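K.L.:
Okay, here's the structure, questions in a sec.
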Amino acid sequence: MDMDLVRISRTQYQLLLFLCYWLPVSLQRVETPPIEYAHSIRLDGDIILGGLFPVHARGERGVPCGELKKEKGIHRLEAMLFAIDLINKDPELLPNVTLGARILDTCSRDTYALEQSLTFVQALIERDGSDVRCANGDQPIFAKPDKIVGVIGAAASSVSIMVANILRLFKIPQISYASTAPELSDNTRYDFFSRVVPPDSYQAQAMLDIVTAMGWNYVSTLASEGNYGESGVEAFVQISREMGGVCIAQSLKIPREPRPGEFDKIIRRLLETPNARAIIMFANEDDIRKSVMKFSAFLMVPLLRFGCEKQLILRITEMSPNKECDEVFRFPDGAVVAFRVRTLHRGAFGQDGNGPFCHSLLLNDRYAMAHALHRMHRDYCFGYPGLCPRMSNINGKELLGYIRSVNFNGSAGTPVVFNQNGDAPGRYDIFQYQITNKSTAEYKVIGQWTNKLHLNVDAMRWRTGDPSLPGSVCSVPCQMGERKKIVKGVPCCWHCERCEGYNFQASEFSCELCPYEQRPDRNRTGCIPIPIIKLEWHSAWAAIPVFVAVLGILATSFVVVTFVRYNDTPIVRASGREMSYVLLTGIFLCYAITFLMIATPSLGICSFRRVFLGLGMCFSYAALLTKTNRIHRIFEQGKKSVAAPRFISPASQLVITFSLISVQLLGVFLWFAVDPPHTVVDYGEQRTSDPVKARGVLKCDISDLSLICSLGYSILLMVTCTVYAIKTRGVPETFNEAKPIGFTMYTTCIIWLAFIPIFFGTAQSAERMYIQTTTLTISLSLSASVSLGMLYMPKVYIIIFHPEQNVPKRKRSFKAIVTAATMSGKLVQKGSDRPNGEVKTELCESMETNTASSTKTTYVSYSNHAI
């Protein structure tokens, strides 16, 4: 509003204070008898407009009117008088036609306003004076009331609804400057009602959009009992339900006639839901003032209010009362729609600069009525100066048609139009009351709403310096990786639950299991592949078996080289050269398999693993089994006859050994045919309870059962060889290697007995791959080391360090061997009846006697009896 309007308004304000409230009289034409109306103003004119303003507040305890209302009452009245003056002085608008007014006080009470508004329809009511006579017998003369062609007002929706029901009966158009109840949009019930403000249906949507933009989802509502308050809250609640995202914590009402302590009770109720820090209010200015005054005595919470006559004090919960800022939401044509945060200690509505905005809106409704009358005058009285006879009795329905078709730019530069229901379009500008560096306050535009909210959050300024917006939420947002568990019946309240284990946050409300080969990422908002590992060469689990295998291969190579170099010496020949090389080959393979077990799995590596996993043991124990079986058969045959048993020659032993080995190879080839080798990634082996530690193990597709089957045949050979070693344990050591073989097999059996519980006992361990691979390779290496150490290291020692013992022995006949075997059997039978020393002595004597007699007969080579 410009400065001229401010100066004139102050002058009229002083005048109206005197005329309306201290000397309430009627301003009438001089020739009309004076008629007094309480709380009213009359201005003479060719066309009379009615006006309804809440000059007084609602009274208490049965009194209709209460204290004087300055900003909400007198300023509005002042604006109407000023608008009429401007119109009457405007030569372009209603030329030669003067507007008059009959202005009444509603006292902010619908029932009182209804009584007052009967004044507007008096001229349309026919009075029958036939039965009335004056004291002198003359017929009475009734003062003709002014005919009201249209009414400006009222402010409160409850008052407008009450008055509109009367005015429509007499076809008097009505234009409100502040009533926003959605009920008034019903053109079937309030067909003569129009308004220059948007209805609460727009207002509620705009409020919801702002609440959403502020990040609020949990608010309370407070409404004055009556059409405006209840319908406004109902519209907001319904829109919030349809749109979703905003929940109502509490919905309270202020009674029409509040009892003492009623506001204290309401505020205590609101404070019962401390998370709902924003309160949406649809209330009249009196209820607002009382509510805010009571709030100043309590812990402050945010309030949100809309409407020119319904300014809001919105207080953020703070310990310090001087942290404040004002936010204003206003109509573009000047009406204040407050959305404000400020301290309450300065008073409820004493802030500066509120009036001019509403004055601007009040000018629009007067101008709307004037523009409608001007178009009617142009159509009905074209070229006629002043008011023509056709407009001497204005038809209200025709005037309503002109009102609904007006279209002009209002005082704020925005178009003033009405839809078919008489509503103004929903257009709002959003202002913030900001404190500048000079400690002065001014309004800054921070957004607009025209069917859609455009809010510039960055343009907001907060006195606290904290850029974050005040919060009003039931539950804080869940962190990443947490799902919302909604509280039943309150969709804005929830509990946050962490997606545990291998679950990730699939949506806001659900957790889902990652695919088997994946695990949740760090934030648990998605899945990532599980890392794939294998046994690394630098790992201690691999380094120790490799070190043992390298030593074993070097030792085996040294024995082979020694045997090859001394291939024709008596000790090498007596050891059975052919079988020794087969056995040493098996020992070498047992060491070498360590490298295949640790190498990175591939098709070739997996194929070689299958072939050589049990082949080394098969070579070793097939050779040992053939040797122990030969010894057993020779001595068993010696007990029966002096004829040598069959298949004891070196060639026969090789045939028997490789026949046993071929069974292992045949099984491997069948395995290849049934289940071709391939690599797999085992995600279950190291699928720990903590997904971060989960790993996929790259391995060959060899199950524990397949492994046992592959080694099972070799273990069978080992057990059989052990049995023959036990049977030949009594053979004199001067004749054979039965005892070293026996010790080898006993030790080997112990190793593999220890291997089984370790290997299978760790099947559920997270370190399964490492433990089982290390256990298997160490067991193979130990088995090979036992055979190498007990069977060949003593011979190598003699060959290298005691070559004098590596000479031919005197030859013995097969008969001597048979005799020794027979005597050994007999002595074993006598052993149960004699002391241990006697048995040994007799055996030695018998062997010496037999040896002495045998020297006179046939001789056999050293290699034939040293088995």
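Each chain in the structure tokens gets a letter, A, B and so on, in the order shown; residues start at 1 in every chain, and ligands are counted from 1 in the order they appear.
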For the structure I just gave you, how does DSSP split region 578-745 of chain A - specifically, which residues are strand (DSSP E or B)? Reply as a PyMOL selection string.

P.N.:
chain A and resi 679-686+695-700

K.L.:
Can you pull out every residue from region 394-529 of chain A that DSSP, working from the backbone, puts in alpha helix (DSSP H), and format the result as a list in words?

P.N.:
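Going through region 394-529 of chain A, the alpha helix (DSSP H) residues come out as Gly396, Lys397, Glu398, Leu399, Leu400, Gly401, Tyr402, Ile403 and Arg404 of chain A.
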
K.L.:
Might you pull out every residue within 8 Å of region 206-223 of chain A, with only C-alpha atoms counted and same-chain residues fewer than 3 positions away left off, and present them as an mmCIF file with all heavy atoms, in the first residue's frame?

P.N.:
```cif
data_model
loop_
_atom_site.group_PDB
_atom_site.id
_atom_site.type_symbol
_atom_site.label_atom_id
_atom_site.label_comp_id
_atom_site.auth_asym_id
_atom_site.auth_seq_id
_atom_site.Cartn_x
_atom_site.Cartn_y
_atom_site.Cartn_z
ATOM 1 N N TYR A 202 -8.025 -24.730 -1.530
ATOM 2 C CA TYR A 202 -6.703 -24.349 -2.039
ATOM 3 C C TYR A 202 -5.738 -24.130 -0.888
ATOM 4 O O TYR A 202 -4.578 -24.508 -0.935
ATOM 5 C CB TYR A 202 -6.798 -23.061 -2.868
ATOM 6 C CG TYR A 202 -7.604 -23.181 -4.133
ATOM 7 C CD1 TYR A 202 -8.767 -22.441 -4.304
ATOM 8 C CD2 TYR A 202 -7.200 -24.015 -5.162
ATOM 9 C CE1 TYR A 202 -9.514 -22.527 -5.459
ATOM 10 C CE2 TYR A 202 -7.937 -24.111 -6.332
ATOM 11 C CZ TYR A 202 -9.098 -23.375 -6.479
ATOM 12 O OH TYR A 202 -9.818 -23.470 -7.620
ATOM 13 N N GLN A 203 -6.264 -23.457 0.118
ATOM 14 C CA GLN A 203 -5.424 -23.128 1.265
ATOM 15 C C GLN A 203 -4.878 -24.392 1.926
ATOM 16 O O GLN A 203 -3.697 -24.473 2.266
ATOM 17 C CB GLN A 203 -6.235 -22.314 2.264
ATOM 18 C CG GLN A 203 -5.421 -21.681 3.371
ATOM 19 C CD GLN A 203 -6.310 -20.899 4.305
ATOM 20 O OE1 GLN A 203 -6.975 -21.485 5.155
ATOM 21 N NE2 GLN A 203 -6.351 -19.598 4.144
ATOM 22 N N GLY A 229 -13.370 -23.170 11.034
ATOM 23 C CA GLY A 229 -12.335 -23.982 11.648
ATOM 24 C C GLY A 229 -12.478 -25.456 11.329
ATOM 25 O O GLY A 229 -11.526 -26.118 10.913
ATOM 26 N N GLU A 230 -13.667 -25.998 11.516
ATOM 27 C CA GLU A 230 -13.870 -27.432 11.331
ATOM 28 C C GLU A 230 -13.726 -27.843 9.869
ATOM 29 O O GLU A 230 -13.109 -28.858 9.558
ATOM 30 C CB GLU A 230 -15.237 -27.831 11.877
ATOM 31 C CG GLU A 230 -15.359 -27.647 13.384
ATOM 32 C CD GLU A 230 -16.733 -28.045 13.906
ATOM 33 O OE1 GLU A 230 -17.357 -28.918 13.280
ATOM 34 O OE2 GLU A 230 -17.184 -27.482 14.917
ATOM 35 N N GLY A 232 -12.039 -26.222 7.577
ATOM 36 C CA GLY A 232 -10.644 -26.046 7.180
ATOM 37 C C GLY A 232 -9.782 -27.214 7.598
ATOM 38 O O GLY A 232 -8.979 -27.737 6.805
ATOM 39 N N VAL A 233 -9.920 -27.634 8.845
ATOM 40 C CA VAL A 233 -9.155 -28.782 9.324
ATOM 41 C C VAL A 233 -9.563 -30.042 8.566
ATOM 42 O O VAL A 233 -8.723 -30.868 8.206
ATOM 43 C CB VAL A 233 -9.346 -28.960 10.834
ATOM 44 C CG1 VAL A 233 -8.829 -30.325 11.286
ATOM 45 C CG2 VAL A 233 -8.636 -27.843 11.591
ATOM 46 N N PHE A 236 -7.848 -30.040 5.252
ATOM 47 C CA PHE A 236 -6.423 -30.347 5.390
ATOM 48 C C PHE A 236 -6.199 -31.824 5.684
ATOM 49 O O PHE A 236 -5.316 -32.460 5.093
ATOM 50 C CB PHE A 236 -5.815 -29.487 6.494
ATOM 51 C CG PHE A 236 -4.358 -29.759 6.734
ATOM 52 C CD1 PHE A 236 -3.399 -29.190 5.936
ATOM 53 C CD2 PHE A 236 -3.956 -30.612 7.762
ATOM 54 C CE1 PHE A 236 -2.049 -29.440 6.142
ATOM 55 C CE2 PHE A 236 -2.620 -30.878 7.977
ATOM 56 C CZ PHE A 236 -1.664 -30.288 7.169
ATOM 57 N N ILE A 239 -6.976 -33.955 2.498
ATOM 58 C CA ILE A 239 -5.929 -33.846 1.477
ATOM 59 C C ILE A 239 -4.671 -34.552 1.925
ATOM 60 O O ILE A 239 -3.997 -35.224 1.131
ATOM 61 C CB ILE A 239 -5.654 -32.362 1.159
ATOM 62 C CG1 ILE A 239 -6.867 -31.731 0.503
ATOM 63 C CG2 ILE A 239 -4.435 -32.218 0.258
ATOM 64 C CD1 ILE A 239 -6.721 -30.246 0.247
ATOM 65 N N SER A 240 -4.333 -34.433 3.205
ATOM 66 C CA SER A 240 -3.134 -35.115 3.698
ATOM 67 C C SER A 240 -3.280 -36.620 3.607
ATOM 68 O O SER A 240 -2.307 -37.338 3.345
ATOM 69 C CB SER A 240 -2.851 -34.687 5.143
ATOM 70 O OG SER A 240 -3.900 -35.103 6.011
ATOM 71 N N GLY A 245 1.882 -39.167 3.439
ATOM 72 C CA GLY A 245 3.134 -38.571 3.877
ATOM 73 C C GLY A 245 3.020 -37.674 5.084
ATOM 74 O O GLY A 245 4.034 -37.311 5.675
ATOM 75 N N VAL A 246 1.798 -37.260 5.449
ATOM 76 C CA VAL A 246 1.600 -36.400 6.618
ATOM 77 C C VAL A 246 0.533 -37.034 7.500
ATOM 78 O O VAL A 246 -0.537 -37.414 7.021
ATOM 79 C CB VAL A 246 1.180 -34.974 6.208
ATOM 80 C CG1 VAL A 246 0.907 -34.125 7.439
ATOM 81 C CG2 VAL A 246 2.256 -34.319 5.348
ATOM 82 N N CYS A 247 0.845 -37.147 8.781
ATOM 83 C CA CYS A 247 -0.083 -37.756 9.733
ATOM 84 C C CYS A 247 -0.503 -36.719 10.767
ATOM 85 O O CYS A 247 0.245 -35.794 11.085
ATOM 86 C CB CYS A 247 0.564 -38.952 10.442
ATOM 87 S SG CYS A 247 1.036 -40.284 9.322
ATOM 88 N N ILE A 248 -1.686 -36.912 11.273
ATOM 89 C CA ILE A 248 -2.240 -36.003 12.286
ATOM 90 C C ILE A 248 -2.048 -36.639 13.655
ATOM 91 O O ILE A 248 -2.578 -37.722 13.930
ATOM 92 C CB ILE A 248 -3.728 -35.725 12.018
ATOM 93 C CG1 ILE A 248 -3.934 -35.265 10.570
ATOM 94 C CG2 ILE A 248 -4.250 -34.694 12.997
ATOM 95 C CD1 ILE A 248 -3.175 -34.022 10.188
ATOM 96 N N ALA A 249 -1.282 -35.953 14.493
ATOM 97 C CA ALA A 249 -1.057 -36.471 15.841
ATOM 98 C C ALA A 249 -2.295 -36.268 16.707
ATOM 99 O O ALA A 249 -2.773 -37.195 17.356
ATOM 100 C CB ALA A 249 0.159 -35.788 16.466
ATOM 101 N N GLN A 250 -2.809 -35.047 16.727
ATOM 102 C CA GLN A 250 -4.020 -34.728 17.472
ATOM 103 C C GLN A 250 -4.830 -33.721 16.680
ATOM 104 O O GLN A 250 -4.276 -32.916 15.933
ATOM 105 C CB GLN A 250 -3.685 -34.124 18.843
ATOM 106 C CG GLN A 250 -2.978 -35.058 19.793
ATOM 107 C CD GLN A 250 -2.901 -34.461 21.184
ATOM 108 O OE1 GLN A 250 -3.871 -34.440 21.928
ATOM 109 N NE2 GLN A 250 -1.728 -33.957 21.533
ATOM 110 N N SER A 251 -6.130 -33.762 16.841
ATOM 111 C CA SER A 251 -7.018 -32.807 16.188
ATOM 112 C C SER A 251 -7.970 -32.279 17.248
ATOM 113 O O SER A 251 -8.902 -32.971 17.660
ATOM 114 C CB SER A 251 -7.782 -33.478 15.036
ATOM 115 O OG SER A 251 -8.486 -32.529 14.275
ATOM 116 N N LEU A 252 -7.731 -31.047 17.693
ATOM 117 C CA LEU A 252 -8.480 -30.467 18.806
ATOM 118 C C LEU A 252 -9.335 -29.303 18.337
ATOM 119 O O LEU A 252 -9.071 -28.689 17.291
ATOM 120 C CB LEU A 252 -7.509 -29.992 19.897
ATOM 121 C CG LEU A 252 -6.517 -31.040 20.416
ATOM 122 C CD1 LEU A 252 -5.639 -30.427 21.499
ATOM 123 C CD2 LEU A 252 -7.246 -32.266 20.942
ATOM 124 N N LYS A 253 -10.356 -28.992 19.125
ATOM 125 C CA LYS A 253 -11.272 -27.901 18.816
ATOM 126 C C LYS A 253 -11.312 -26.916 19.981
ATOM 127 O O LYS A 253 -11.183 -27.297 21.145
ATOM 128 C CB LYS A 253 -12.688 -28.426 18.565
ATOM 129 C CG LYS A 253 -12.834 -29.263 17.313
ATOM 130 C CD LYS A 253 -14.285 -29.709 17.151
ATOM 131 C CE LYS A 253 -14.441 -30.612 15.936
ATOM 132 N NZ LYS A 253 -15.850 -31.067 15.774
ATOM 133 N N ILE A 254 -11.506 -25.648 19.621
ATOM 134 C CA ILE A 254 -11.728 -24.593 20.616
ATOM 135 C C ILE A 254 -13.228 -24.319 20.664
ATOM 136 O O ILE A 254 -13.821 -23.937 19.642
ATOM 137 C CB ILE A 254 -10.963 -23.316 20.240
ATOM 138 C CG1 ILE A 254 -9.458 -23.614 20.128
ATOM 139 C CG2 ILE A 254 -11.216 -22.218 21.268
ATOM 140 C CD1 ILE A 254 -8.640 -22.439 19.617
ATOM 141 N N LEU A 270 -1.864 -30.639 23.539
ATOM 142 C CA LEU A 270 -0.952 -30.547 22.400
ATOM 143 C C LEU A 270 0.471 -30.941 22.792
ATOM 144 O O LEU A 270 1.197 -31.557 22.005
ATOM 145 C CB LEU A 270 -0.950 -29.123 21.834
ATOM 146 C CG LEU A 270 -2.233 -28.683 21.126
ATOM 147 C CD1 LEU A 270 -2.153 -27.211 20.770
ATOM 148 C CD2 LEU A 270 -2.493 -29.521 19.884
ATOM 149 N N ASN A 275 6.644 -34.709 19.643
ATOM 150 C CA ASN A 275 7.237 -34.831 18.305
ATOM 151 C C ASN A 275 6.453 -34.056 17.264
ATOM 152 O O ASN A 275 6.997 -33.692 16.224
ATOM 153 C CB ASN A 275 7.327 -36.304 17.893
ATOM 154 C CG ASN A 275 8.380 -37.053 18.664
ATOM 155 O OD1 ASN A 275 9.245 -36.445 19.279
ATOM 156 N ND2 ASN A 275 8.316 -38.359 18.642
ATOM 157 N N ALA A 276 5.151 -33.821 17.532
ATOM 158 C CA ALA A 276 4.340 -33.020 16.609
ATOM 159 C C ALA A 276 4.548 -31.554 16.960
ATOM 160 O O ALA A 276 3.722 -30.919 17.615
ATOM 161 C CB ALA A 276 2.873 -33.420 16.707
ATOM 162 N N ARG A 277 5.657 -30.997 16.500
ATOM 163 C CA ARG A 277 6.030 -29.641 16.877
ATOM 164 C C ARG A 277 5.357 -28.583 16.004
ATOM 165 O O ARG A 277 5.478 -27.397 16.279
ATOM 166 C CB ARG A 277 7.546 -29.492 16.800
ATOM 167 C CG ARG A 277 8.284 -30.472 17.716
ATOM 168 C CD ARG A 277 9.779 -30.391 17.522
ATOM 169 N NE ARG A 277 10.295 -29.095 17.907
ATOM 170 C CZ ARG A 277 11.514 -28.660 17.583
ATOM 171 N NH1 ARG A 277 12.299 -29.421 16.836
ATOM 172 N NH2 ARG A 277 11.925 -27.480 17.977
ATOM 173 N N ALA A 278 4.710 -29.001 14.945
ATOM 174 C CA ALA A 278 3.967 -28.068 14.097
ATOM 175 C C ALA A 278 2.481 -28.256 14.345
ATOM 176 O O ALA A 278 1.993 -29.386 14.382
ATOM 177 C CB ALA A 278 4.285 -28.305 12.624
ATOM 178 N N ILE A 279 1.766 -27.151 14.526
ATOM 179 C CA ILE A 279 0.333 -27.188 14.796
ATOM 180 C C ILE A 279 -0.375 -26.378 13.720
ATOM 181 O O ILE A 279 -0.123 -25.182 13.563
ATOM 182 C CB ILE A 279 0.016 -26.628 16.193
ATOM 183 C CG1 ILE A 279 0.774 -27.431 17.260
ATOM 184 C CG2 ILE A 279 -1.481 -26.666 16.456
ATOM 185 C CD1 ILE A 279 0.647 -26.873 18.645
ATOM 186 N N ILE A 280 -1.231 -27.028 12.979
ATOM 187 C CA ILE A 280 -1.986 -26.376 11.916
ATOM 188 C C ILE A 280 -3.268 -25.819 12.526
ATOM 189 O O ILE A 280 -4.090 -26.569 13.056
ATOM 190 C CB ILE A 280 -2.327 -27.375 10.797
ATOM 191 C CG1 ILE A 280 -1.082 -28.143 10.363
ATOM 192 C CG2 ILE A 280 -2.974 -26.661 9.634
ATOM 193 C CD1 ILE A 280 0.013 -27.273 9.835
ATOM 194 N N MET A 281 -3.445 -24.503 12.424
ATOM 195 C CA MET A 281 -4.578 -23.862 13.084
ATOM 196 C C MET A 281 -5.525 -23.258 12.067
ATOM 197 O O MET A 281 -5.120 -22.533 11.162
ATOM 198 C CB MET A 281 -4.096 -22.764 14.040
ATOM 199 C CG MET A 281 -3.306 -23.279 15.224
ATOM 200 S SD MET A 281 -2.918 -21.973 16.403
ATOM 201 C CE MET A 281 -4.549 -21.575 17.007
ATOM 202 N N PHE A 282 -6.803 -23.560 12.213
ATOM 203 C CA PHE A 282 -7.900 -22.884 11.517
ATOM 204 C C PHE A 282 -8.777 -22.291 12.615
ATOM 205 O O PHE A 282 -9.632 -22.988 13.163
ATOM 206 C CB PHE A 282 -8.695 -23.866 10.657
ATOM 207 C CG PHE A 282 -8.005 -24.281 9.398
ATOM 208 C CD1 PHE A 282 -7.096 -25.330 9.397
ATOM 209 C CD2 PHE A 282 -8.268 -23.630 8.201
ATOM 210 C CE1 PHE A 282 -6.475 -25.719 8.242
ATOM 211 C CE2 PHE A 282 -7.643 -24.015 7.035
ATOM 212 C CZ PHE A 282 -6.740 -25.055 7.047
ATOM 213 N N ALA A 283 -8.533 -21.050 12.941
ATOM 214 C CA ALA A 283 -9.245 -20.447 14.066
ATOM 215 C C ALA A 283 -9.426 -18.969 13.807
ATOM 216 O O ALA A 283 -8.705 -18.350 13.015
ATOM 217 C CB ALA A 283 -8.470 -20.674 15.368
ATOM 218 N N TRP A 449 2.932 -20.084 -4.711
ATOM 219 C CA TRP A 449 2.084 -21.267 -4.875
ATOM 220 C C TRP A 449 0.962 -20.917 -5.842
ATOM 221 O O TRP A 449 0.133 -20.040 -5.582
ATOM 222 C CB TRP A 449 1.483 -21.716 -3.545
ATOM 223 C CG TRP A 449 0.813 -23.061 -3.632
ATOM 224 C CD1 TRP A 449 1.379 -24.262 -3.347
ATOM 225 C CD2 TRP A 449 -0.538 -23.345 -4.014
ATOM 226 N NE1 TRP A 449 0.482 -25.286 -3.536
ATOM 227 C CE2 TRP A 449 -0.711 -24.750 -3.953
ATOM 228 C CE3 TRP A 449 -1.604 -22.562 -4.411
ATOM 229 C CZ2 TRP A 449 -1.920 -25.372 -4.261
ATOM 230 C CZ3 TRP A 449 -2.814 -23.180 -4.733
ATOM 231 C CH2 TRP A 449 -2.949 -24.577 -4.657
ATOM 232 N N ASN A 451 -1.226 -23.544 -7.720
ATOM 233 C CA ASN A 451 -1.514 -24.960 -7.962
ATOM 234 C C ASN A 451 -0.302 -25.861 -7.710
ATOM 235 O O ASN A 451 -0.418 -27.083 -7.726
ATOM 236 C CB ASN A 451 -2.020 -25.197 -9.391
ATOM 237 C CG ASN A 451 -3.322 -24.482 -9.652
ATOM 238 O OD1 ASN A 451 -4.163 -24.397 -8.773
ATOM 239 N ND2 ASN A 451 -3.479 -23.945 -10.855
ATOM 240 N N LYS A 452 0.852 -25.260 -7.493
ATOM 241 C CA LYS A 452 2.062 -26.011 -7.199
ATOM 242 C C LYS A 452 3.001 -25.111 -6.423
ATOM 243 O O LYS A 452 3.091 -23.911 -6.685
ATOM 244 C CB LYS A 452 2.728 -26.504 -8.490
ATOM 245 C CG LYS A 452 3.945 -27.385 -8.261
ATOM 246 C CD LYS A 452 4.508 -27.871 -9.585
ATOM 247 C CE LYS A 452 5.714 -28.770 -9.349
ATOM 248 N NZ LYS A 452 6.295 -29.238 -10.636
ATOM 249 N N LEU A 453 3.694 -25.701 -5.459
ATOM 250 C CA LEU A 453 4.568 -24.920 -4.592
ATOM 251 C C LEU A 453 5.937 -24.737 -5.233
ATOM 252 O O LEU A 453 6.523 -25.676 -5.777
ATOM 253 C CB LEU A 453 4.727 -25.629 -3.238
ATOM 254 C CG LEU A 453 5.678 -24.954 -2.245
ATOM 255 C CD1 LEU A 453 5.128 -23.609 -1.803
ATOM 256 C CD2 LEU A 453 5.932 -25.856 -1.034
ATOM 257 N N LEU A 455 9.186 -23.167 -3.605
ATOM 258 C CA LEU A 455 9.750 -22.624 -2.366
ATOM 259 C C LEU A 455 11.269 -22.618 -2.470
ATOM 260 O O LEU A 455 11.885 -23.653 -2.744
ATOM 261 C CB LEU A 455 9.313 -23.463 -1.164
ATOM 262 C CG LEU A 455 9.680 -22.926 0.218
ATOM 263 C CD1 LEU A 455 8.973 -21.611 0.481
ATOM 264 C CD2 LEU A 455 9.332 -23.941 1.298
ATOM 265 N N LEU A 469 16.202 -26.740 8.752
ATOM 266 C CA LEU A 469 14.807 -26.382 8.975
ATOM 267 C C LEU A 469 14.309 -26.979 10.293
ATOM 268 O O LEU A 469 14.773 -28.042 10.707
ATOM 269 C CB LEU A 469 13.944 -26.903 7.824
ATOM 270 C CG LEU A 469 14.287 -26.347 6.436
ATOM 271 C CD1 LEU A 469 13.428 -27.027 5.387
ATOM 272 C CD2 LEU A 469 14.097 -24.849 6.393
ATOM 273 N N PRO A 470 13.377 -26.315 10.955
ATOM 274 C CA PRO A 470 12.807 -26.896 12.179
ATOM 275 C C PRO A 470 12.066 -28.186 11.846
ATOM 276 O O PRO A 470 11.483 -28.326 10.773
ATOM 277 C CB PRO A 470 11.855 -25.808 12.681
ATOM 278 C CG PRO A 470 11.552 -24.979 11.478
ATOM 279 C CD PRO A 470 12.774 -25.002 10.624
ATOM 280 N N GLY A 471 12.095 -29.111 12.748
ATOM 281 C CA GLY A 471 11.525 -30.434 12.488
ATOM 282 C C GLY A 471 10.230 -30.673 13.239
ATOM 283 O O GLY A 471 10.018 -30.166 14.340
ATOM 284 N N SER A 472 9.363 -31.452 12.609
ATOM 285 C CA SER A 472 8.121 -31.896 13.250
ATOM 286 C C SER A 472 7.790 -33.263 12.660
ATOM 287 O O SER A 472 6.973 -33.389 11.759
ATOM 288 C CB SER A 472 6.987 -30.908 13.003
ATOM 289 O OG SER A 472 5.799 -31.331 13.648
ATOM 290 N N VAL A 473 8.469 -34.270 13.165
ATOM 291 C CA VAL A 473 8.312 -35.626 12.644
ATOM 292 C C VAL A 473 8.089 -36.578 13.805
ATOM 293 O O VAL A 473 8.574 -36.360 14.911
ATOM 294 C CB VAL A 473 9.543 -36.073 11.823
ATOM 295 C CG1 VAL A 473 9.704 -35.215 10.588
ATOM 296 C CG2 VAL A 473 10.815 -36.018 12.671
ATOM 297 N N CYS A 474 7.360 -37.642 13.537
ATOM 298 C CA CYS A 474 7.106 -38.642 14.576
ATOM 299 C C CYS A 474 8.331 -39.503 14.806
ATOM 300 O O CYS A 474 8.689 -39.799 15.925
ATOM 301 C CB CYS A 474 5.909 -39.518 14.175
ATOM 302 S SG CYS A 474 5.503 -40.781 15.399
ATOM 303 N N CYS A 492 3.089 -42.524 9.775
ATOM 304 C CA CYS A 492 4.239 -41.627 9.889
ATOM 305 C C CYS A 492 5.137 -41.981 11.068
ATOM 306 O O CYS A 492 6.172 -41.338 11.260
ATOM 307 C CB CYS A 492 3.775 -40.185 10.034
ATOM 308 S SG CYS A 492 2.869 -39.579 8.595
#
```

K.L.:
Applying 7 Å and only C-alpha atoms, which residues near region 712-714 of chain A remain after dropping the ones on its own chain fewer than 2 positions away? List them as a ChimeraX atom specification.

P.N.:
/A:614,617-618,621,664,708-710,716-718

K.L.:
State, in Å with one decimal place, the distance from CA of Ala57 (chain A) to CA of Ile41 (chain A).

P.N.:
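Going from CA of Ala57 (chain A) over to CA of Ile41 (chain A), I get 17.7 Å.
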